[in-house]
Amino acid sequence: MNQQAEKLRHYAQENVVFLLQKLMEDILAQQPKNVVDWSIAWLDKKGRDIVKQRQKSNSQQSSSDEEIIELPKRPPAARKQRASISAEAYGQYNRKESFQPRVIVKTQEQKEKIGKRLEQSFMFASLDQKEKDIVIDAMEERNYNVQDWVIKQGDNGDNLYVVDQGELNCFKRFTKDGENKFLKVYYPGESFGELALLYNAPRAASIQSKTNSILFALDRQTFNHIVKDAAMKKREKYVNVLKSIDLLSMMDPYERSHVADAIKSASFQQGEYIIREGEQGDIFYMIEEGELIATKTLTQGQEPVKVFQYKAGDYFGELALLKDIPRQANIVAQTQVKLIYLDRHSFKRMLGPLEDILKRNTEKYEKYEQYWINQGK
């Protein structure tokens with residue numbers, strides 16, 4: 001049976017794995033809305049070409065090197081049962097190895113410093129203290145000079161990095177021969193390099209040290225066993241939500257995935273106030289589900305009147321953060337609502353490139369306010 005399993009493993013490696021890896025790379029690059037239909041079209045066109053090229057390459061080898069791998073025949077007694085080869089053959093090939101976390105000796109001061117950075121990094125937010133201790137023990141301190149490349153787009157990756165000191169620039173090529181486009185700066189407390197580990201894909205961007213920098217590197221094995229499941233579950237959930245937000249639909253998938261790591265969620269019942277006019281504001285909200293209204297006091301001494309209606313895909317709360325002013329209206333849930341949100345620090349850091357768009361969109365509030373003022377005359 002071991003020989004049969006080995007044949008199946010070899011068959012998968014030669015005929016399936018390479019094709020799925022190519023498919024995964026293109027899915028991550030294109031971020032299609034309907035992954036199933038897009039994948040079917042990809043397999044029908046590009047997939048066929050890839051297989052043909054591989055077959056042509058293999059045919060040039062000596063015939064003595066070729067081997068026909070036959071899949072096992074199902075025994076007659078199992079005719080009424082569902083066929084499966086994953087339990088033993090594929091299971092042996094794709095089995096999660098037993099995990100023995102690495103321990104890199106550190107002083108108590110170093111452990112506390114890494115622990116502080118983990119608290120700041122969204123990637124590790126869902127870990128309990130025991131899991132964080134394992135991650136802290138496994139992390140390795142690395143130093144980079146100005147203009148050193150930490151990772152390069154297209155390379156294979158085996159580490160996730162958390163920034164302890166310094167600043168690093170992120171660049172991305174959007175075409176094979178295109179120039180590097182600057183995306184953002186990574187600051188202390190932020191992490192990068194997780195995409196290659198989450199999806200077993202090549203590096204999605206390049207990171208270059210802008211200043212002398214100190215990073216903490218986490219190995220693939222520890223990441224896979226301690227961090228990956230929780231991080232992937234949260235990211236996949238919120239990336240899909242963010243795609244429905246008009247403001248963020250234009251963001252590069254790489255940037256959007258980092259916003260997904262940073263956001264938190266909250267639910268409110270009908271009639272509840274999310275924000276109140278005149279309060280100080282430190283939160284930017286996006287609507288996942290439900291409807292809300294904005295009310296505002298237009299004339300002193302009178303009851304607030306409705307000035308705006310919100311639905312799923314809309315956002316609010318940006319005025320207080322953009323202009324550093326008190327809340328300009330009440331926001332009240334009209335139905336049961338689910339919101340996702342960013343705090344002030346994350347808003348400035350994550351949505352900085354969108355600030356001009358946000359400022360232009362503030363004009364809509366001014367138009368609605370003027371409309372209701374005119375209605376009251």
# chains A, B, ... in the order shown; residues from 1 in each chain; ligands from 1
>>> select_by_dssp(residues="segment 150-371 of chain A", states="helix (DSSP H, G or I)", output="PDB file with C-alpha atoms, in the first residue's frame")
ATOM      1  CA  GLU A 194       2.114  36.867   5.724  1.00  0.00           C
ATOM      2  CA  LEU A 195       0.529  36.418   2.271  1.00  0.00           C
ATOM      3  CA  ALA A 196       3.197  33.972   1.116  1.00  0.00           C
ATOM      4  CA  LEU A 197       2.636  31.932   4.274  1.00  0.00           C
ATOM      5  CA  LEU A 198      -1.170  32.118   4.306  1.00  0.00           C
ATOM      6  CA  TYR A 199      -1.593  31.003   0.696  1.00  0.00           C
ATOM      7  CA  ARG A 220       6.636  29.362   8.547  1.00  0.00           C
ATOM      8  CA  GLN A 221       6.127  26.326  10.801  1.00  0.00           C
ATOM      9  CA  THR A 222       5.228  28.345  13.889  1.00  0.00           C
ATOM     10  CA  PHE A 223       3.029  30.642  11.822  1.00  0.00           C
ATOM     11  CA  ASN A 224       1.170  27.694  10.260  1.00  0.00           C
ATOM     12  CA  HIS A 225       0.465  25.985  13.571  1.00  0.00           C
ATOM     13  CA  ILE A 226      -0.240  28.975  15.820  1.00  0.00           C
ATOM     14  CA  VAL A 227      -1.301  32.007  13.764  1.00  0.00           C
ATOM     15  CA  LYS A 228      -2.491  30.939  10.317  1.00  0.00           C
ATOM     16  CA  ASP A 229      -5.988  29.528  10.905  1.00  0.00           C
ATOM     17  CA  ALA A 230      -7.289  32.459  12.938  1.00  0.00           C
ATOM     18  CA  ALA A 231      -5.633  35.053  10.684  1.00  0.00           C
ATOM     19  CA  MET A 232      -6.901  33.497   7.460  1.00  0.00           C
ATOM     20  CA  LYS A 233     -10.450  33.121   8.757  1.00  0.00           C
ATOM     21  CA  LYS A 234     -10.671  36.764   9.769  1.00  0.00           C
ATOM     22  CA  ARG A 235      -8.968  38.095   6.641  1.00  0.00           C
ATOM     23  CA  GLU A 236     -11.114  36.139   4.176  1.00  0.00           C
ATOM     24  CA  LYS A 237     -14.304  37.195   5.953  1.00  0.00           C
ATOM     25  CA  TYR A 238     -13.546  40.895   6.002  1.00  0.00           C
ATOM     26  CA  VAL A 239     -11.873  41.155   2.582  1.00  0.00           C
ATOM     27  CA  ASN A 240     -15.209  40.139   1.068  1.00  0.00           C
ATOM     28  CA  VAL A 241     -17.022  42.727   3.184  1.00  0.00           C
ATOM     29  CA  LEU A 242     -14.553  45.453   2.198  1.00  0.00           C
ATOM     30  CA  LYS A 243     -15.091  44.716  -1.487  1.00  0.00           C
ATOM     31  CA  ASP A 246     -17.620  51.566  -2.589  1.00  0.00           C
ATOM     32  CA  LEU A 247     -14.755  53.580  -1.144  1.00  0.00           C
ATOM     33  CA  LEU A 248     -12.494  50.530  -0.788  1.00  0.00           C
ATOM     34  CA  PRO A 253      -6.031  43.695  -3.071  1.00  0.00           C
ATOM     35  CA  TYR A 254      -2.742  43.776  -1.174  1.00  0.00           C
ATOM     36  CA  GLU A 255      -3.719  47.014   0.609  1.00  0.00           C
ATOM     37  CA  ARG A 256      -7.283  45.817   1.171  1.00  0.00           C
ATOM     38  CA  SER A 257      -6.044  42.660   2.875  1.00  0.00           C
ATOM     39  CA  HIS A 258      -4.145  44.752   5.424  1.00  0.00           C
ATOM     40  CA  VAL A 259      -7.231  46.854   6.120  1.00  0.00           C
ATOM     41  CA  ALA A 260      -9.082  43.569   6.738  1.00  0.00           C
ATOM     42  CA  ASP A 261      -6.523  42.649   9.403  1.00  0.00           C
ATOM     43  CA  ALA A 262      -7.044  45.966  11.188  1.00  0.00           C
ATOM     44  CA  GLU A 318     -14.752  60.272   8.665  1.00  0.00           C
ATOM     45  CA  LEU A 319     -15.408  64.017   9.157  1.00  0.00           C
ATOM     46  CA  ALA A 320     -14.238  64.019  12.772  1.00  0.00           C
ATOM     47  CA  LEU A 321     -11.046  62.184  11.807  1.00  0.00           C
ATOM     48  CA  LEU A 322     -10.268  64.166   8.648  1.00  0.00           C
ATOM     49  CA  LYS A 323     -10.915  67.612  10.108  1.00  0.00           C
ATOM     50  CA  ARG A 344      -8.141  56.919  14.410  1.00  0.00           C
ATOM     51  CA  HIS A 345      -4.593  55.560  14.222  1.00  0.00           C
ATOM     52  CA  SER A 346      -5.518  52.741  11.809  1.00  0.00           C
ATOM     53  CA  PHE A 347      -7.692  55.090   9.744  1.00  0.00           C
ATOM     54  CA  LYS A 348      -4.843  57.529   9.168  1.00  0.00           C
ATOM     55  CA  ARG A 349      -2.326  54.794   8.473  1.00  0.00           C
ATOM     56  CA  MET A 350      -4.458  52.488   6.326  1.00  0.00           C
ATOM     57  CA  GLY A 352      -4.104  57.756   3.926  1.00  0.00           C
ATOM     58  CA  PRO A 353      -4.035  57.257   0.113  1.00  0.00           C
ATOM     59  CA  LEU A 354      -7.832  57.683   0.055  1.00  0.00           C
ATOM     60  CA  GLU A 355      -7.923  60.924   2.032  1.00  0.00           C
ATOM     61  CA  ASP A 356      -8.498  63.122  -1.029  1.00  0.00           C
ATOM     62  CA  ILE A 357     -11.470  60.986  -2.075  1.00  0.00           C
ATOM     63  CA  LEU A 358     -12.882  61.119   1.446  1.00  0.00           C
ATOM     64  CA  LYS A 359     -12.567  64.909   1.552  1.00  0.00           C
ATOM     65  CA  ARG A 360     -14.347  65.264  -1.795  1.00  0.00           C
ATOM     66  CA  ASN A 361     -17.150  63.032  -0.532  1.00  0.00           C
ATOM     67  CA  GLU A 363     -19.471  67.651   0.064  1.00  0.00           C
ATOM     68  CA  LYS A 364     -22.487  65.324   0.010  1.00  0.00           C
ATOM     69  CA  TYR A 365     -23.200  66.090   3.662  1.00  0.00           C
ATOM     70  CA  GLU A 366     -23.047  69.830   3.029  1.00  0.00           C
ATOM     71  CA  LYS A 367     -25.533  69.506   0.142  1.00  0.00           C
ATOM     72  CA  TYR A 368     -27.993  67.492   2.244  1.00  0.00           C
ATOM     73  CA  GLU A 369     -27.663  69.885   5.167  1.00  0.00           C
ATOM     74  CA  GLN A 370     -28.401  72.882   2.934  1.00  0.00           C
ATOM     75  CA  TYR A 371     -31.408  71.048   1.487  1.00  0.00           C
TER      76      TYR A 371
END
>>> residues_around(residues="segment 110-120 of chain A", least_positions_apart="4", cutoff="7 Å", atoms="only C-alpha atoms", output="JSON, numbers by chain")
{"A": [106, 124, 125, 136, 164, 189]}
>>> write_last_selection(atoms="all heavy atoms", output="mmCIF file, in the first residue's frame")
data_model
loop_
_atom_site.group_PDB
_atom_site.id
_atom_site.type_symbol
_atom_site.label_atom_id
_atom_site.label_comp_id
_atom_site.auth_asym_id
_atom_site.auth_seq_id
_atom_site.Cartn_x
_atom_site.Cartn_y
_atom_site.Cartn_z
ATOM 1 N N LYS A 106 16.184 34.408 24.629
ATOM 2 C CA LYS A 106 16.055 35.861 24.709
ATOM 3 C C LYS A 106 16.085 36.292 26.167
ATOM 4 O O LYS A 106 15.746 35.515 27.069
ATOM 5 C CB LYS A 106 14.725 36.317 24.080
ATOM 6 C CG LYS A 106 14.524 35.931 22.630
ATOM 7 C CD LYS A 106 13.147 36.338 22.146
ATOM 8 C CE LYS A 106 12.947 35.934 20.689
ATOM 9 N NZ LYS A 106 12.835 34.473 20.553
ATOM 10 N N PHE A 124 -1.810 39.210 15.188
ATOM 11 C CA PHE A 124 -1.736 38.360 16.377
ATOM 12 C C PHE A 124 -2.828 38.664 17.404
ATOM 13 O O PHE A 124 -2.789 38.164 18.517
ATOM 14 C CB PHE A 124 -0.361 38.521 17.030
ATOM 15 C CG PHE A 124 0.780 38.248 16.089
ATOM 16 C CD1 PHE A 124 1.414 39.291 15.429
ATOM 17 C CD2 PHE A 124 1.199 36.949 15.839
ATOM 18 C CE1 PHE A 124 2.457 39.042 14.543
ATOM 19 C CE2 PHE A 124 2.240 36.700 14.961
ATOM 20 C CZ PHE A 124 2.863 37.746 14.305
ATOM 21 N N ALA A 125 -3.818 39.464 17.002
ATOM 22 C CA ALA A 125 -4.823 39.960 17.939
ATOM 23 C C ALA A 125 -5.668 38.848 18.545
ATOM 24 O O ALA A 125 -6.141 38.968 19.680
ATOM 25 C CB ALA A 125 -5.722 40.983 17.251
ATOM 26 N N ILE A 136 6.524 34.411 20.670
ATOM 27 C CA ILE A 136 7.638 35.225 21.175
ATOM 28 C C ILE A 136 8.924 34.400 21.234
ATOM 29 O O ILE A 136 9.998 34.860 20.813
ATOM 30 C CB ILE A 136 7.297 35.795 22.566
ATOM 31 C CG1 ILE A 136 6.205 36.857 22.439
ATOM 32 C CG2 ILE A 136 8.543 36.377 23.240
ATOM 33 C CD1 ILE A 136 5.641 37.332 23.761
ATOM 34 N N ASP A 164 9.980 46.341 14.584
ATOM 35 C CA ASP A 164 10.248 46.830 15.936
ATOM 36 C C ASP A 164 10.749 48.266 15.892
ATOM 37 O O ASP A 164 10.246 49.132 16.596
ATOM 38 C CB ASP A 164 11.281 45.945 16.631
ATOM 39 C CG ASP A 164 11.616 46.461 18.027
ATOM 40 O OD1 ASP A 164 10.666 46.801 18.757
ATOM 41 O OD2 ASP A 164 12.806 46.537 18.373
ATOM 42 N N GLY A 189 5.384 48.089 14.920
ATOM 43 C CA GLY A 189 4.129 47.476 15.323
ATOM 44 C C GLY A 189 3.374 46.820 14.185
ATOM 45 O O GLY A 189 2.493 45.995 14.412
#
>>> select_by_dssp(residues="segment 131-322 of chain A", states="strand (DSSP E)", output="VMD selection string")
chain A and resid 140 to 144 149 to 151 159 to 165 168 to 172 181 to 186 191 to 192 206 to 209 213 to 219 264 to 268 273 to 275 283 to 289 292 to 296 305 to 310 315 to 316
>>> residues_around(residues="segment 214-218 of chain A", least_positions_apart="4", cutoff="6 Å", atoms="only C-alpha atoms", output="list in words")
Met139, Glu140, Glu141, Arg142, Asn143, Asn159, Leu160, Tyr161, Val162, Val163, Asp164 and Gln165 of chain A
>>> closest_residue(among="A:Glu25, A:Asp314, A:Glu272, A:Glu167", to="Gly154 of chain A", atoms="only C-alpha atoms")
A:Glu25
>>> closest_residue(among="A:Lys338, A:Gly157, A:Glu279, A:Lys306", to="Ile325 of chain A", atoms="only C-alpha atoms")
A:Glu279
>>> residues_around(residues="Tyr341 of chain A", least_positions_apart="6", cutoff="8 Å", atoms="only C-alpha atoms", output="VMD selection string")
chain A and resid 263 to 266 283 to 286
>>> closest_residue(among="A:Ile207, A:Leu23, A:Val185, A:Val105", to="Asp148 of chain A", atoms="only C-alpha atoms")
A:Ile207
>>> residues_around(residues="segment 168-184 of chain A", least_positions_apart="4", cutoff="6 Å", atoms="only C-alpha atoms", output="mmCIF file with N, CA and C atoms, in the first residue's frame")
data_model
loop_
_atom_site.group_PDB
_atom_site.id
_atom_site.type_symbol
_atom_site.label_atom_id
_atom_site.label_comp_id
_atom_site.auth_asym_id
_atom_site.auth_seq_id
_atom_site.Cartn_x
_atom_site.Cartn_y
_atom_site.Cartn_z
ATOM 1 N N ALA A 205 4.662 41.448 -2.874
ATOM 2 C CA ALA A 205 5.205 42.798 -2.975
ATOM 3 C C ALA A 205 6.651 42.774 -2.496
ATOM 4 N N SER A 206 7.329 43.899 -2.695
ATOM 5 C CA SER A 206 8.715 44.032 -2.252
ATOM 6 C C SER A 206 8.783 45.019 -1.098
ATOM 7 N N ILE A 207 9.624 44.723 -0.109
ATOM 8 C CA ILE A 207 9.778 45.590 1.064
ATOM 9 C C ILE A 207 11.243 45.985 1.184
ATOM 10 N N GLN A 208 11.501 47.297 1.221
ATOM 11 C CA GLN A 208 12.864 47.820 1.316
ATOM 12 C C GLN A 208 12.983 48.704 2.555
ATOM 13 N N SER A 209 14.064 48.548 3.269
ATOM 14 C CA SER A 209 14.283 49.328 4.483
ATOM 15 C C SER A 209 14.541 50.794 4.123
ATOM 16 N N LYS A 210 13.689 51.669 4.640
ATOM 17 C CA LYS A 210 13.816 53.108 4.390
ATOM 18 C C LYS A 210 14.842 53.734 5.337
#
>>> closest_residue(among="A:Ile331, A:Ile274, A:Ile340, A:Met123", to="Ile245 of chain A", atoms="only C-alpha atoms")
A:Ile340
>>> closest_residue(among="A:Asn212, A:Ala138, A:Lys132, A:Lys296", to="Val150 of chain A", atoms="only C-alpha atoms")
A:Asn212
>>> closest_residue(among="A:Thr211, A:Ile134, A:Phe122, A:Ile275", to="Trp149 of chain A", atoms="only C-alpha atoms")
A:Thr211
>>> residues_around(residues="Gly271 of chain A", least_positions_apart="5", cutoff="12 Å", atoms="only C-alpha atoms", output="list in words")
Glu291, Leu292, Ile293, Ala294, Asn330, Ile331, Val332, Ala333, Gln334, Thr335, Gln336 and Val337 of chain A
>>> write_last_selection(atoms="all heavy atoms", output="PDB file, in the first residue's frame")
ATOM      1  N   GLU A 291     -29.601  49.452   8.013  1.00  0.00           N
ATOM      2  CA  GLU A 291     -29.843  50.820   7.578  1.00  0.00           C
ATOM      3  C   GLU A 291     -29.761  51.767   8.772  1.00  0.00           C
ATOM      4  O   GLU A 291     -30.155  51.411   9.887  1.00  0.00           O
ATOM      5  CB  GLU A 291     -31.220  50.941   6.915  1.00  0.00           C
ATOM      6  CG  GLU A 291     -31.358  50.098   5.649  1.00  0.00           C
ATOM      7  CD  GLU A 291     -32.739  50.216   5.039  1.00  0.00           C
ATOM      8  OE1 GLU A 291     -33.597  50.923   5.617  1.00  0.00           O
ATOM      9  OE2 GLU A 291     -32.956  49.618   3.965  1.00  0.00           O
ATOM     10  N   LEU A 292     -29.236  52.967   8.519  1.00  0.00           N
ATOM     11  CA  LEU A 292     -29.102  53.977   9.555  1.00  0.00           C
ATOM     12  C   LEU A 292     -29.483  55.328   8.988  1.00  0.00           C
ATOM     13  O   LEU A 292     -29.506  55.518   7.763  1.00  0.00           O
ATOM     14  CB  LEU A 292     -27.664  54.047  10.093  1.00  0.00           C
ATOM     15  CG  LEU A 292     -27.020  52.750  10.572  1.00  0.00           C
ATOM     16  CD1 LEU A 292     -26.184  52.125   9.461  1.00  0.00           C
ATOM     17  CD2 LEU A 292     -26.153  52.991  11.806  1.00  0.00           C
ATOM     18  N   ILE A 293     -29.754  56.295   9.890  1.00  0.00           N
ATOM     19  CA  ILE A 293     -30.010  57.666   9.457  1.00  0.00           C
ATOM     20  C   ILE A 293     -29.099  58.605  10.230  1.00  0.00           C
ATOM     21  O   ILE A 293     -28.633  58.300  11.340  1.00  0.00           O
ATOM     22  CB  ILE A 293     -31.476  58.097   9.666  1.00  0.00           C
ATOM     23  CG1 ILE A 293     -31.869  58.006  11.145  1.00  0.00           C
ATOM     24  CG2 ILE A 293     -32.418  57.282   8.782  1.00  0.00           C
ATOM     25  CD1 ILE A 293     -33.206  58.656  11.456  1.00  0.00           C
ATOM     26  N   ALA A 294     -28.833  59.751   9.614  1.00  0.00           N
ATOM     27  CA  ALA A 294     -28.118  60.831  10.281  1.00  0.00           C
ATOM     28  C   ALA A 294     -29.125  61.912  10.623  1.00  0.00           C
ATOM     29  O   ALA A 294     -29.931  62.310   9.777  1.00  0.00           O
ATOM     30  CB  ALA A 294     -27.018  61.372   9.377  1.00  0.00           C
ATOM     31  N   ASN A 330     -25.917  63.046  14.556  1.00  0.00           N
ATOM     32  CA  ASN A 330     -26.214  61.779  15.230  1.00  0.00           C
ATOM     33  C   ASN A 330     -26.356  60.702  14.163  1.00  0.00           C
ATOM     34  O   ASN A 330     -26.880  60.954  13.081  1.00  0.00           O
ATOM     35  CB  ASN A 330     -27.541  61.873  15.993  1.00  0.00           C
ATOM     36  CG  ASN A 330     -27.573  63.016  16.979  1.00  0.00           C
ATOM     37  OD1 ASN A 330     -26.750  63.082  17.875  1.00  0.00           O
ATOM     38  ND2 ASN A 330     -28.526  63.930  16.801  1.00  0.00           N
ATOM     39  N   ILE A 331     -25.902  59.506  14.473  1.00  0.00           N
ATOM     40  CA  ILE A 331     -26.133  58.362  13.590  1.00  0.00           C
ATOM     41  C   ILE A 331     -26.931  57.338  14.389  1.00  0.00           C
ATOM     42  O   ILE A 331     -26.473  56.859  15.434  1.00  0.00           O
ATOM     43  CB  ILE A 331     -24.822  57.740  13.084  1.00  0.00           C
ATOM     44  CG1 ILE A 331     -23.951  58.797  12.404  1.00  0.00           C
ATOM     45  CG2 ILE A 331     -25.126  56.583  12.133  1.00  0.00           C
ATOM     46  CD1 ILE A 331     -24.537  59.384  11.145  1.00  0.00           C
ATOM     47  N   VAL A 332     -28.129  57.004  13.876  1.00  0.00           N
ATOM     48  CA  VAL A 332     -29.062  56.154  14.604  1.00  0.00           C
ATOM     49  C   VAL A 332     -29.423  54.940  13.757  1.00  0.00           C
ATOM     50  O   VAL A 332     -29.692  55.066  12.550  1.00  0.00           O
ATOM     51  CB  VAL A 332     -30.356  56.932  14.953  1.00  0.00           C
ATOM     52  CG1 VAL A 332     -31.242  56.098  15.882  1.00  0.00           C
ATOM     53  CG2 VAL A 332     -30.021  58.274  15.592  1.00  0.00           C
ATOM     54  N   ALA A 333     -29.422  53.757  14.372  1.00  0.00           N
ATOM     55  CA  ALA A 333     -29.776  52.523  13.665  1.00  0.00           C
ATOM     56  C   ALA A 333     -31.277  52.495  13.397  1.00  0.00           C
ATOM     57  O   ALA A 333     -32.076  52.626  14.324  1.00  0.00           O
ATOM     58  CB  ALA A 333     -29.348  51.307  14.479  1.00  0.00           C
ATOM     59  N   GLN A 334     -31.658  52.316  12.140  1.00  0.00           N
ATOM     60  CA  GLN A 334     -33.063  52.177  11.763  1.00  0.00           C
ATOM     61  C   GLN A 334     -33.507  50.715  11.796  1.00  0.00           C
ATOM     62  O   GLN A 334     -34.686  50.414  11.911  1.00  0.00           O
ATOM     63  CB  GLN A 334     -33.286  52.735  10.356  1.00  0.00           C
ATOM     64  CG  GLN A 334     -33.195  54.243  10.267  1.00  0.00           C
ATOM     65  CD  GLN A 334     -34.328  54.926  11.011  1.00  0.00           C
ATOM     66  OE1 GLN A 334     -34.200  55.261  12.184  1.00  0.00           O
ATOM     67  NE2 GLN A 334     -35.449  55.114  10.351  1.00  0.00           N
ATOM     68  N   THR A 335     -32.540  49.821  11.642  1.00  0.00           N
ATOM     69  CA  THR A 335     -32.777  48.377  11.729  1.00  0.00           C
ATOM     70  C   THR A 335     -31.657  47.806  12.581  1.00  0.00           C
ATOM     71  O   THR A 335     -30.774  48.541  13.043  1.00  0.00           O
ATOM     72  CB  THR A 335     -32.743  47.719  10.343  1.00  0.00           C
ATOM     73  OG1 THR A 335     -31.404  47.845   9.786  1.00  0.00           O
ATOM     74  CG2 THR A 335     -33.732  48.361   9.382  1.00  0.00           C
ATOM     75  N   GLN A 336     -31.652  46.512  12.788  1.00  0.00           N
ATOM     76  CA  GLN A 336     -30.482  45.886  13.400  1.00  0.00           C
ATOM     77  C   GLN A 336     -29.328  46.006  12.416  1.00  0.00           C
ATOM     78  O   GLN A 336     -29.492  45.725  11.223  1.00  0.00           O
ATOM     79  CB  GLN A 336     -30.759  44.415  13.710  1.00  0.00           C
ATOM     80  CG  GLN A 336     -29.626  43.732  14.457  1.00  0.00           C
ATOM     81  CD  GLN A 336     -30.004  42.338  14.918  1.00  0.00           C
ATOM     82  OE1 GLN A 336     -31.174  41.989  14.990  1.00  0.00           O
ATOM     83  NE2 GLN A 336     -28.996  41.540  15.232  1.00  0.00           N
ATOM     84  N   VAL A 337     -28.173  46.449  12.878  1.00  0.00           N
ATOM     85  CA  VAL A 337     -27.055  46.706  11.967  1.00  0.00           C
ATOM     86  C   VAL A 337     -25.787  46.014  12.438  1.00  0.00           C
ATOM     87  O   VAL A 337     -25.589  45.786  13.638  1.00  0.00           O
ATOM     88  CB  VAL A 337     -26.780  48.223  11.813  1.00  0.00           C
ATOM     89  CG1 VAL A 337     -27.969  48.931  11.206  1.00  0.00           C
ATOM     90  CG2 VAL A 337     -26.401  48.852  13.144  1.00  0.00           C
TER      91      VAL A 337
END
